[in-house]
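> Coordinates in entry_15.tsv, TSV, C-alpha atoms and all ligand atoms, are listed below.
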```
chain	number	residue	atom	x	y	z
A	1	MET	CA	-9.68	-33.22	-45.48
A	2	HIS	CA	-11.90	-32.76	-48.43
A	3	PRO	CA	-14.45	-29.92	-48.09
A	4	TYR	CA	-17.31	-32.33	-48.78
A	5	LEU	CA	-16.24	-34.57	-45.95
A	6	LYS	CA	-16.17	-32.19	-43.01
A	7	PRO	CA	-17.00	-33.85	-39.70
A	8	ALA	CA	-20.52	-33.42	-38.41
A	9	ARG	CA	-21.08	-31.02	-35.53
A	10	HIS	CA	-23.60	-33.33	-33.87
A	11	GLU	CA	-23.47	-37.05	-34.30
A	12	GLY	CA	-26.93	-38.61	-34.37
A	13	SER	CA	-27.75	-41.92	-32.77
A	14	ILE	CA	-26.26	-44.82	-34.69
A	15	PRO	CA	-29.56	-46.53	-35.68
A	16	ARG	CA	-30.91	-43.29	-37.16
A	17	ILE	CA	-27.72	-42.67	-39.06
A	18	LEU	CA	-27.60	-46.22	-40.32
A	19	ALA	CA	-31.10	-46.05	-41.74
A	20	HIS	CA	-30.16	-42.83	-43.42
A	21	PHE	CA	-26.89	-44.19	-44.64
A	22	THR	CA	-28.33	-47.34	-46.12
A	23	ILE	CA	-30.65	-45.32	-48.30
A	24	SER	CA	-27.98	-42.93	-49.41
A	25	ALA	CA	-25.32	-45.53	-49.96
A	26	GLN	CA	-27.37	-47.26	-52.62
A	27	LEU	CA	-27.35	-44.15	-54.73
A	28	LEU	CA	-23.98	-42.66	-54.09
A	29	PHE	CA	-20.28	-43.03	-54.32
A	30	SER	CA	-20.36	-44.66	-57.63
A	31	CYS	CA	-17.68	-42.75	-59.21
A	32	THR	CA	-17.38	-43.81	-62.77
A	33	GLU	CA	-20.35	-44.05	-65.01
A	34	GLY	CA	-23.56	-42.18	-65.68
A	35	LYS	CA	-27.06	-43.56	-65.56
A	36	PRO	CA	-27.68	-47.25	-65.21
A	37	HIS	CA	-28.65	-49.17	-68.28
A	38	SER	CA	-32.38	-49.78	-68.55
A	39	GLN	CA	-31.78	-53.48	-68.98
A	40	PRO	CA	-30.56	-55.58	-66.11
A	41	MET	CA	-27.06	-56.89	-66.47
A	42	GLN	CA	-26.85	-60.31	-68.01
A	43	SER	CA	-25.68	-63.01	-65.72
A	44	HIS	CA	-21.96	-63.36	-65.52
A	45	THR	CA	-19.46	-65.56	-63.83
A	46	PRO	CA	-17.92	-63.41	-61.12
A	47	HIS	CA	-14.41	-64.77	-61.24
A	48	MET	CA	-14.02	-65.76	-64.84
A	49	ALA	CA	-10.41	-65.17	-65.76
A	50	LYS	CA	-10.25	-66.60	-69.25
A	51	ALA	CA	-8.41	-64.37	-71.70
A	52	PRO	CA	-10.82	-62.71	-74.12
A	53	PRO	CA	-10.74	-63.83	-77.74
A	54	GLU	CA	-9.19	-61.38	-80.15
A	55	PRO	CA	-11.43	-61.03	-83.18
A	56	ASN	CA	-9.59	-61.26	-86.51
A	57	GLY	CA	-6.27	-61.31	-84.71
A	58	VAL	CA	-6.53	-57.55	-84.09
A	59	GLN	CA	-3.64	-56.19	-82.06
A	60	THR	CA	-3.42	-52.72	-80.60
A	61	PRO	CA	-0.13	-51.09	-79.59
A	62	ASP	CA	-1.28	-51.48	-76.00
A	63	SER	CA	-2.20	-55.15	-76.23
A	64	ASP	CA	-1.24	-56.07	-72.69
A	65	TYR	CA	-4.85	-56.70	-71.70
A	66	ALA	CA	-5.85	-56.92	-68.08
A	67	THR	CA	-7.92	-59.81	-66.77
A	68	GLU	CA	-10.12	-60.19	-63.71
A	69	THR	CA	-7.32	-62.04	-61.96
A	70	ASP	CA	-5.25	-58.82	-62.01
A	71	VAL	CA	-7.69	-56.84	-59.85
A	72	ARG	CA	-6.70	-58.18	-56.43
A	73	PRO	CA	-2.92	-58.27	-56.89
A	74	PHE	CA	-3.00	-54.76	-58.35
A	75	LEU	CA	-5.00	-53.47	-55.38
A	76	ASP	CA	-2.61	-55.26	-53.04
A	77	ALA	CA	0.45	-53.71	-54.71
A	78	LEU	CA	-1.09	-50.23	-54.85
A	79	ILE	CA	-2.13	-50.33	-51.20
A	80	HIS	CA	1.28	-51.53	-50.06
A	81	ARG	CA	3.20	-49.02	-52.11
A	82	GLN	CA	1.03	-45.93	-52.36
A	83	TYR	CA	-1.72	-46.08	-49.72
A	84	PRO	CA	0.00	-47.00	-46.45
A	85	ARG	CA	-2.99	-45.75	-44.47
A	86	LEU	CA	-5.14	-48.47	-46.06
A	87	ARG	CA	-2.80	-51.39	-45.26
A	88	GLY	CA	-4.52	-52.24	-41.98
A	89	TYR	CA	-7.99	-52.09	-43.54
A	90	TRP	CA	-6.84	-54.37	-46.36
A	91	SER	CA	-5.24	-56.94	-44.08
A	92	ASN	CA	-8.22	-56.86	-41.68
A	93	GLY	CA	-10.64	-57.60	-44.52
A	94	ARG	CA	-12.35	-54.23	-44.40
A	95	ILE	CA	-11.66	-53.53	-48.07
A	96	HIS	CA	-13.61	-55.88	-50.31
A	97	VAL	CA	-13.57	-56.57	-54.03
A	98	GLU	CA	-16.85	-57.37	-55.76
A	99	THR	CA	-18.44	-57.39	-59.19
A	100	PHE	CA	-21.43	-55.22	-60.04
A	101	SER	CA	-24.52	-57.34	-60.17
A	102	GLU	CA	-27.22	-54.92	-61.28
A	103	TYR	CA	-26.24	-53.19	-64.49
A	104	PRO	CA	-23.23	-52.23	-66.55
A	105	ARG	CA	-20.87	-49.79	-64.91
A	106	LEU	CA	-17.11	-49.59	-64.90
A	107	PHE	CA	-15.60	-49.29	-61.42
A	108	ALA	CA	-16.70	-47.77	-58.13
A	109	ALA	CA	-15.61	-47.52	-54.51
A	110	ARG	CA	-18.33	-47.42	-51.88
A	111	PRO	CA	-18.48	-47.46	-48.11
A	112	SER	CA	-20.97	-49.72	-46.36
A	113	VAL	CA	-21.84	-50.24	-42.72
A	114	VAL	CA	-21.33	-53.64	-41.16
A	115	ASN	CA	-23.10	-54.14	-37.84
A	116	SER	CA	-21.84	-56.33	-35.07
A	117	VAL	CA	-23.21	-56.81	-31.55
A	118	ARG	CA	-21.20	-53.95	-30.08
A	119	SER	CA	-20.45	-51.61	-32.89
A	120	ALA	CA	-21.06	-50.55	-36.43
A	121	LYS	CA	-17.98	-50.49	-38.62
A	122	VAL	CA	-17.55	-48.99	-42.04
A	123	HIS	CA	-16.20	-51.34	-44.68
A	124	TYR	CA	-15.19	-50.35	-48.20
A	125	THR	CA	-15.78	-52.14	-51.47
A	126	VAL	CA	-14.17	-51.76	-54.87
A	127	TYR	CA	-16.68	-52.84	-57.51
A	128	TYR	CA	-15.94	-53.67	-61.12
A	129	ASP	CA	-17.81	-54.86	-64.16
A	130	PRO	CA	-16.35	-58.15	-65.50
A	131	ARG	CA	-17.06	-56.91	-69.01
A	132	ASN	CA	-14.24	-54.39	-68.63
A	133	PHE	CA	-12.05	-57.38	-69.43
A	134	GLN	CA	-13.89	-58.50	-72.55
A	135	TRP	CA	-14.18	-57.35	-76.14
A	136	MET	CA	-17.19	-55.11	-76.81
A	137	ASN	CA	-18.41	-54.01	-80.27
A	138	GLY	CA	-14.96	-54.68	-81.65
A	139	HIS	CA	-13.34	-52.62	-78.87
A	140	PRO	CA	-10.64	-54.38	-76.82
A	141	PRO	CA	-10.64	-55.03	-73.08
A	142	MET	CA	-8.83	-52.56	-70.85
A	143	SER	CA	-5.06	-52.75	-70.59
A	144	LYS	CA	-3.11	-53.53	-67.44
A	145	LYS	CA	-1.91	-49.94	-67.45
A	146	ALA	CA	-5.52	-48.63	-67.51
A	147	LEU	CA	-6.49	-51.00	-64.70
A	148	TRP	CA	-3.60	-49.74	-62.56
A	149	GLY	CA	-4.72	-46.14	-63.14
A	150	VAL	CA	-8.39	-46.63	-62.35
A	151	LEU	CA	-7.67	-48.71	-59.23
A	152	ALA	CA	-5.39	-45.94	-57.95
A	153	HIS	CA	-8.36	-43.57	-58.40
A	154	GLU	CA	-10.72	-45.91	-56.49
A	155	LEU	CA	-8.22	-46.25	-53.65
A	156	ALA	CA	-7.92	-42.47	-53.48
A	157	HIS	CA	-11.69	-42.46	-52.81
A	158	ILE	CA	-11.37	-45.05	-50.07
A	159	GLN	CA	-8.44	-43.20	-48.50
A	160	GLU	CA	-10.73	-40.20	-48.24
A	161	TYR	CA	-13.65	-42.17	-46.74
A	162	VAL	CA	-11.46	-43.81	-44.10
A	163	GLY	CA	-11.75	-42.25	-40.70
A	164	GLN	CA	-14.77	-40.11	-41.58
A	165	PRO	CA	-17.80	-40.35	-39.30
A	166	ILE	CA	-20.72	-42.14	-40.92
A	167	SER	CA	-22.82	-38.98	-40.91
A	168	SER	CA	-20.13	-37.15	-42.89
A	169	LEU	CA	-20.13	-39.89	-45.49
A	170	VAL	CA	-23.88	-39.50	-45.86
A	171	ARG	CA	-23.56	-35.75	-46.29
A	172	ALA	CA	-20.72	-36.16	-48.76
A	173	GLY	CA	-22.85	-38.61	-50.71
A	174	LYS	CA	-25.73	-36.16	-50.86
A	175	ALA	CA	-23.48	-33.43	-52.18
A	176	TYR	CA	-22.23	-35.93	-54.72
A	177	VAL	CA	-25.69	-36.59	-56.11
A	178	ARG	CA	-27.11	-33.09	-55.86
A	179	ASN	CA	-24.64	-30.99	-57.67
A	180	GLY	CA	-22.98	-31.73	-60.98
A	181	HIS	CA	-20.26	-29.15	-60.40
A	182	SER	CA	-19.46	-30.44	-56.89
A	183	LEU	CA	-19.31	-33.91	-58.31
A	184	ALA	CA	-16.87	-32.89	-61.03
A	185	ARG	CA	-14.67	-31.07	-58.48
A	186	TYR	CA	-14.78	-34.09	-56.22
A	187	GLU	CA	-13.84	-36.58	-58.96
A	188	ARG	CA	-11.11	-34.32	-60.33
A	189	SER	CA	-9.77	-33.86	-56.83
A	190	THR	CA	-9.73	-37.67	-56.47
A	191	ASP	CA	-7.72	-37.97	-59.68
A	192	VAL	CA	-5.24	-35.39	-58.37
A	193	ARG	CA	-4.93	-37.27	-55.08
A	194	ALA	CA	-4.17	-40.50	-56.93
A	195	LEU	CA	-1.42	-38.68	-58.86
A	196	VAL	CA	-0.02	-37.08	-55.70
A	197	HIS	CA	0.12	-40.46	-53.92
A	198	ALA	CA	1.95	-41.94	-56.88
A	199	HIS	CA	4.64	-39.26	-56.62
A	200	ARG	CA	4.85	-39.24	-52.89
A	201	TYR	CA	5.50	-42.97	-52.72
A	202	ARG	CA	7.05	-43.60	-56.12
A	203	THR	CA	9.41	-46.49	-56.51
A	204	HIS	CA	12.20	-46.69	-59.01
A	205	ASN	CA	11.80	-50.34	-59.86
A	206	ALA	CA	8.15	-50.09	-60.90
A	207	LEU	CA	6.88	-52.33	-63.69
A	208	VAL	CA	5.88	-50.93	-67.07
A	209	HIS	CA	2.19	-50.66	-66.22
A	210	GLU	CA	2.78	-49.13	-62.81
A	211	ASN	CA	2.53	-45.46	-63.63
A	212	VAL	CA	-0.63	-43.83	-62.33
A	213	ALA	CA	-0.58	-40.84	-64.71
A	214	GLU	CA	-0.10	-43.05	-67.76
A	215	GLY	CA	-2.67	-45.46	-66.35
A	216	LEU	CA	-5.29	-42.75	-65.92
A	217	VAL	CA	-4.64	-41.48	-69.45
A	218	ALA	CA	-4.99	-45.03	-70.78
A	219	PHE	CA	-8.15	-45.68	-68.78
A	220	ARG	CA	-9.93	-42.48	-69.84
A	221	HIS	CA	-8.90	-43.03	-73.44
A	222	TRP	CA	-10.26	-46.57	-73.32
A	223	VAL	CA	-13.55	-45.49	-71.71
A	224	ASP	CA	-13.98	-42.68	-74.22
A	225	ALA	CA	-13.83	-44.91	-77.32
A	226	PRO	CA	-17.00	-44.47	-79.43
A	227	GLU	CA	-17.45	-48.26	-79.54
A	228	ARG	CA	-17.93	-48.31	-75.79
A	229	ASN	CA	-20.40	-45.44	-75.83
A	230	GLN	CA	-23.14	-46.61	-78.12
A	231	ASN	CA	-26.83	-46.35	-77.39
A	232	LYS	CA	-29.30	-49.08	-78.27
A	233	ARG	CA	-29.55	-47.86	-81.85
A	234	GLY	CA	-25.81	-48.13	-82.28
A	235	LYS	CA	-25.19	-44.36	-82.22
A	236	THR	CA	-22.41	-42.81	-80.17
A	237	HIS	CA	-23.63	-41.26	-76.95
A	238	GLU	CA	-21.86	-37.89	-77.29
A	239	LYS	CA	-23.49	-36.23	-74.29
A	240	LYS	CA	-22.34	-39.00	-72.02
A	241	ARG	CA	-18.78	-38.66	-73.32
A	242	GLN	CA	-18.89	-34.90	-72.81
A	243	LEU	CA	-20.15	-35.25	-69.23
A	244	ARG	CA	-17.37	-37.66	-68.47
A	245	ARG	CA	-14.75	-35.28	-69.83
A	246	GLU	CA	-16.05	-32.57	-67.54
A	247	ARG	CA	-16.11	-34.84	-64.53
A	248	TYR	CA	-12.64	-36.39	-64.74
A	249	LEU	CA	-9.15	-35.40	-65.76
A	250	PHE	CA	-8.57	-36.31	-69.37
A	251	GLN	CA	-5.53	-36.97	-71.53
A	252	GLU	CA	-3.47	-33.78	-71.75
A	253	GLU	CA	-4.86	-32.42	-68.46
A	254	ILE	CA	-3.40	-35.44	-66.69
A	255	THR	CA	0.01	-34.88	-68.27
A	256	VAL	CA	0.05	-31.15	-67.38
A	257	ILE	CA	-1.12	-31.72	-63.80
A	258	ASP	CA	1.21	-34.67	-63.27
A	259	ARG	CA	4.18	-32.50	-64.28
A	260	LEU	CA	3.01	-29.79	-61.87
A	261	ILE	CA	2.78	-32.36	-59.08
A	262	GLN	CA	6.29	-33.59	-59.86
A	263	GLY	CA	7.84	-30.15	-59.99
A	264	TYR	CA	5.90	-28.26	-57.32
A	265	PRO	CA	5.06	-30.24	-54.17
A	266	GLU	CA	3.99	-26.94	-52.57
A	267	LEU	CA	1.03	-26.94	-54.98
A	268	TRP	CA	-0.31	-30.37	-53.95
A	269	LYS	CA	-2.72	-29.04	-51.36
A	270	ARG	CA	-4.05	-26.38	-53.66
A	271	LEU	CA	-4.48	-28.82	-56.55
A	272	ILE	CA	-6.42	-31.25	-54.37
A	273	GLY	CA	-8.61	-28.58	-52.75
A	274	ASP	CA	-9.27	-26.65	-55.94
A	275	PRO	CA	-8.53	-28.87	-58.94
A	276	PRO	CA	-8.40	-27.38	-62.46
A	277	MET	CA	-11.76	-27.88	-64.16
A	278	ASN	CA	-10.41	-27.98	-67.72
A	279	LEU	CA	-7.19	-28.02	-69.72
A	280	LYS	CA	-7.01	-24.21	-69.90
A	281	GLU	CA	-7.09	-23.88	-66.12
A	282	ALA	CA	-4.42	-26.55	-65.78
A	283	GLN	CA	-2.18	-24.85	-68.32
A	284	ALA	CA	-2.67	-21.43	-66.68
A	285	LEU	CA	-1.58	-22.90	-63.33
A	286	ALA	CA	1.47	-24.49	-64.93
A	287	GLN	CA	2.32	-21.19	-66.59
A	288	ARG	CA	2.09	-19.25	-63.32
A	289	ALA	CA	4.24	-21.80	-61.50
A	290	LYS	CA	6.87	-21.57	-64.24
A	291	GLN	CA	6.85	-17.76	-64.15
A	292	ARG	CA	7.34	-17.77	-60.39
A	293	ASP	CA	10.31	-20.07	-60.90
A	294	GLU	CA	11.86	-17.77	-63.46
A	295	SER	CA	11.30	-14.44	-61.68
A	296	PRO	CA	14.39	-13.22	-59.76
A	297	THR	CA	14.05	-13.52	-56.02
A	298	THR	CA	14.25	-10.31	-54.01
A	299	GLU	CA	15.68	-10.07	-50.54
B	1	ZN	ZN	-14.32	-41.61	-58.71
```
Can the structure in the file be given as C-alpha cells, please?


Amino acid sequence: MHPYLKPARHEGSIPRILAHFTISAQLLFSCTEGKPHSQPMQSHTPHMAKAPPEPNGVQTPDSDYATETDVRPFLDALIHRQYPRLRGYWSNGRIHVETFSEYPRLFAARPSVVNSVRSAKVHYTVYYDPRNFQWMNGHPPMSKKALWGVLAHELAHIQEYVGQPISSLVRAGKAYVRNGHSLARYERSTDVRALVHAHRYRTHNALVHENVAEGLVAFRHWVDAPERNQNKRGKTHEKKRQLRRERYLFQEEITVIDRLIQGYPELWKRLIGDPPMNLKEAQALAQRAKQRDESPTTE
C-alpha cells in the first residue's frame, strides 16, 4: 500500500465523506499536466478517429501514430495482461474512458463516487485530450508506443485507488495537491509500479508497441517537445518542462530503473516505496545492486 493511501482510522458517515470527496475530486488526481489553460477548451468531437494530416509529408522515425480508436483496445489489453486485479472493474463497467471537456490536459485517472439507493461505489475514469492525437505547432501526434506507456501509468494509478476507502482517497488527494515533493514521489512511484507490472506479467509475443518502459520514454519525450510547450507568445515554457522532469521518470532514468526491475525483483518494493528522485539516485541504486552482486558471499 502506498504511504499516501493508508486506511483511515475512523470512517465518517458516507454523506459527509461524499460532500468532502466531491470537492476534492474536482481538484485532484489529475496526474499529467500543470495548470489549466486560461482559455476554455475549444469544442471537439469526442470520438473523432480520423487520421491526422501530415503537414508537408513529414515523417518521423516513430511514425506509427496513435488515434483515439486505440485508447479502449489498449486499455483492454493492458488490463487483461498486466492488471489482473482490474479485470472485474473493467468488465463491470466501473472503469470509464472519457475526454477532457474543460481545458487542455494530456491524460488523467480519477476516482468518482456513484450513488445508488443502497450504496455508494467508487468508479474510475481514464481521461484524455483528443488533441493528443493531432498535429500541434508542427509537432506530430503521439505514437502508439507512447500511448501504451501512458495508459500503463494511468492504470497503475487506478490499481492503487481500487479497494481504498473513500476517506483515504480524499486524504491522498489532499497530499497530492499540498506538497510538490509528495506529488513527485507519488508520480514517480506510479511510473515504477507500471514498470514492475510490465515485468511481472510480461508476455513473449508482445507487439512492437507493447513495451511499457519504451512507451514511457516515448511518451515523456513527446510531451517534452518545445513545440508542445509554448506559451501564448510562442515561447517555450521552460519552467513547466522542468517541473515535469522532476515529477516523472524521464528518458535515461526509465532505462536505468527498468533494468533494475528486471534484474533485482527484491528491489521492487523499495523502488515503489522510495522511488529515485533523479537520474543520479537511480544510477547510485543500480551501482549498489551491482556491487552486491559482485561481492563474494560469506558463510
Ligand atoms: Zn500520474

> Given all atoms listed in the file as the basis, pick out the residue of A:Tyr124, A:Phe219, A:Trp148, A:Tyr248 nearest to ligand ZN 1 (chain B).

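Residue with the minimum atom-to-atom distance to ligand ZN 1 (chain B): A:Tyr248.
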
> Measuring between all atoms listed in the file, which one of A:Asn137, A:Ser189, A:Thr203, A:Gln287 shows the shortest distance to ligand ZN 1 (chain B)?

A:Ser189

> Please tabulate, as a Markdown table, the residues of chain A that come within 10 Å of ligand ZN 1 (chain B), each with its closest pair of atoms and the distance in Å to one decimal, counting only C-alpha atoms and all ligand atoms and ordering rows by chain, then residue number upward.


```
| residue | atom | partner | partner_atom | distance |
| --- | --- | --- | --- | --- |
| A:Phe29 | CA | B:ZN1 | ZN | 7.5 |
| A:Ser30 | CA | B:ZN1 | ZN | 6.9 |
| A:Cys31 | CA | B:ZN1 | ZN | 3.6 |
| A:Thr32 | CA | B:ZN1 | ZN | 5.5 |
| A:Glu33 | CA | B:ZN1 | ZN | 9.1 |
| A:Phe107 | CA | B:ZN1 | ZN | 8.2 |
| A:Ala108 | CA | B:ZN1 | ZN | 6.6 |
| A:Ala109 | CA | B:ZN1 | ZN | 7.4 |
| A:Arg110 | CA | B:ZN1 | ZN | 9.8 |
| A:Val150 | CA | B:ZN1 | ZN | 8.6 |
| A:Leu151 | CA | B:ZN1 | ZN | 9.7 |
| A:Ala152 | CA | B:ZN1 | ZN | 10.0 |
| A:His153 | CA | B:ZN1 | ZN | 6.3 |
| A:Glu154 | CA | B:ZN1 | ZN | 6.0 |
| A:Leu155 | CA | B:ZN1 | ZN | 9.2 |
| A:Ala156 | CA | B:ZN1 | ZN | 8.3 |
| A:His157 | CA | B:ZN1 | ZN | 6.5 |
| A:Ile158 | CA | B:ZN1 | ZN | 9.8 |
| A:Leu183 | CA | B:ZN1 | ZN | 9.2 |
| A:Ala184 | CA | B:ZN1 | ZN | 9.4 |
| A:Tyr186 | CA | B:ZN1 | ZN | 7.9 |
| A:Glu187 | CA | B:ZN1 | ZN | 5.1 |
| A:Arg188 | CA | B:ZN1 | ZN | 8.1 |
| A:Ser189 | CA | B:ZN1 | ZN | 9.2 |
| A:Thr190 | CA | B:ZN1 | ZN | 6.5 |
| A:Asp191 | CA | B:ZN1 | ZN | 7.6 |
| A:Arg247 | CA | B:ZN1 | ZN | 9.1 |
| A:Tyr248 | CA | B:ZN1 | ZN | 8.2 |
```

> Can you write out the residues you just picked, keeping C-alpha atoms, as a PDB file, in the coordinates of the input?


```pdb
ATOM      1  CA  PHE A  29     -20.280 -43.030 -54.320  1.00  0.00           C
ATOM      2  CA  SER A  30     -20.360 -44.660 -57.630  1.00  0.00           C
ATOM      3  CA  CYS A  31     -17.680 -42.750 -59.210  1.00  0.00           C
ATOM      4  CA  THR A  32     -17.380 -43.810 -62.770  1.00  0.00           C
ATOM      5  CA  GLU A  33     -20.350 -44.050 -65.010  1.00  0.00           C
ATOM      6  CA  PHE A 107     -15.600 -49.290 -61.420  1.00  0.00           C
ATOM      7  CA  ALA A 108     -16.700 -47.770 -58.130  1.00  0.00           C
ATOM      8  CA  ALA A 109     -15.610 -47.520 -54.510  1.00  0.00           C
ATOM      9  CA  ARG A 110     -18.330 -47.420 -51.880  1.00  0.00           C
ATOM     10  CA  VAL A 150      -8.390 -46.630 -62.350  1.00  0.00           C
ATOM     11  CA  LEU A 151      -7.670 -48.710 -59.230  1.00  0.00           C
ATOM     12  CA  ALA A 152      -5.390 -45.940 -57.950  1.00  0.00           C
ATOM     13  CA  HIS A 153      -8.360 -43.570 -58.400  1.00  0.00           C
ATOM     14  CA  GLU A 154     -10.720 -45.910 -56.490  1.00  0.00           C
ATOM     15  CA  LEU A 155      -8.220 -46.250 -53.650  1.00  0.00           C
ATOM     16  CA  ALA A 156      -7.920 -42.470 -53.480  1.00  0.00           C
ATOM     17  CA  HIS A 157     -11.690 -42.460 -52.810  1.00  0.00           C
ATOM     18  CA  ILE A 158     -11.370 -45.050 -50.070  1.00  0.00           C
ATOM     19  CA  LEU A 183     -19.310 -33.910 -58.310  1.00  0.00           C
ATOM     20  CA  ALA A 184     -16.870 -32.890 -61.030  1.00  0.00           C
ATOM     21  CA  TYR A 186     -14.780 -34.090 -56.220  1.00  0.00           C
ATOM     22  CA  GLU A 187     -13.840 -36.580 -58.960  1.00  0.00           C
ATOM     23  CA  ARG A 188     -11.110 -34.320 -60.330  1.00  0.00           C
ATOM     24  CA  SER A 189      -9.770 -33.860 -56.830  1.00  0.00           C
ATOM     25  CA  THR A 190      -9.730 -37.670 -56.470  1.00  0.00           C
ATOM     26  CA  ASP A 191      -7.720 -37.970 -59.680  1.00  0.00           C
ATOM     27  CA  ARG A 247     -16.110 -34.840 -64.530  1.00  0.00           C
ATOM     28  CA  TYR A 248     -12.640 -36.390 -64.740  1.00  0.00           C
TER      29      TYR A 248
END
```

> To one decimal place, how far is atom CA of A:Asp258 from atom CA of A:His80 in Å?

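Separating atom CA of A:Asp258 from atom CA of A:His80 is a distance of 21.4 Å.
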
> Which one of A:Leu267, A:Leu147, A:Ile79, A:Ile272 sits closest to A:Ile95 if you count only C-alpha atoms?

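Closest residue, counting only C-alpha atoms: A:Ile79.
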
> Just the number, please: distance in Å from atom CA of A:Arg131 to atom CA of A:Arg220, one decimal.

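Value for the atom CA of A:Arg131-atom CA of A:Arg220 distance: 16.1 Å.
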
> Given all atoms listed in the file as the basis, pick out the residue of A:Pro275, A:Gly163, A:Pro226, A:Pro111 nearest to A:Ser182.

A:Pro275

> Counting all atoms listed in the file, which of A:Ser167, A:Phe133, A:Arg193, A:Arg94 gets nearest to A:Thr69?

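Smallest separation from A:Thr69 among the options: A:Phe133.
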
> Let me make sure I understand: among A:Thr67, A:Asn211, A:Thr125, A:Gln262, which one has the smallest atom-to-atom distance to A:Trp90 if we use all atoms listed in the file?

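Among the listed residues, the smallest separation from A:Trp90 belongs to A:Thr125.
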
> Report as a list of chain:residue names all protein, DNA and RNA residues lying within 12 Å of A:Glu281, evaluated on only C-alpha atoms, omitting residues in the same chain fewer than 3 positions from it.

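Surrounding residues, per the criterion: A:Leu249, A:Glu252, A:Glu253, A:Val256, A:Ile257, A:Leu271, A:Asp274, A:Pro275, A:Pro276, A:Met277, A:Asn278, A:Ala284, A:Leu285, A:Ala286, A:Gln287, A:Arg288.
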
> Just how far from atom CA of A:Lys269 is atom CA of A:Arg245, in Å to one decimal?

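Atom-to-atom, atom CA of A:Arg245 and atom CA of A:Lys269 are spaced 22.9 Å apart.
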
> Tell me which protein, DNA and RNA residues are within 12 Å of A:Gly263, counting only C-alpha atoms, leaving out same-chain ones fewer than 2 positions away, and put them as a list in words.

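Once the nearby chain positions are removed, what remains is Val196, His199, Arg200, Val256, Ile257, Asp258, Arg259, Leu260, Ile261, Pro265, Glu266, Leu267, Trp268, Ala286, Ala289, Lys290 and Asp293 of chain A.
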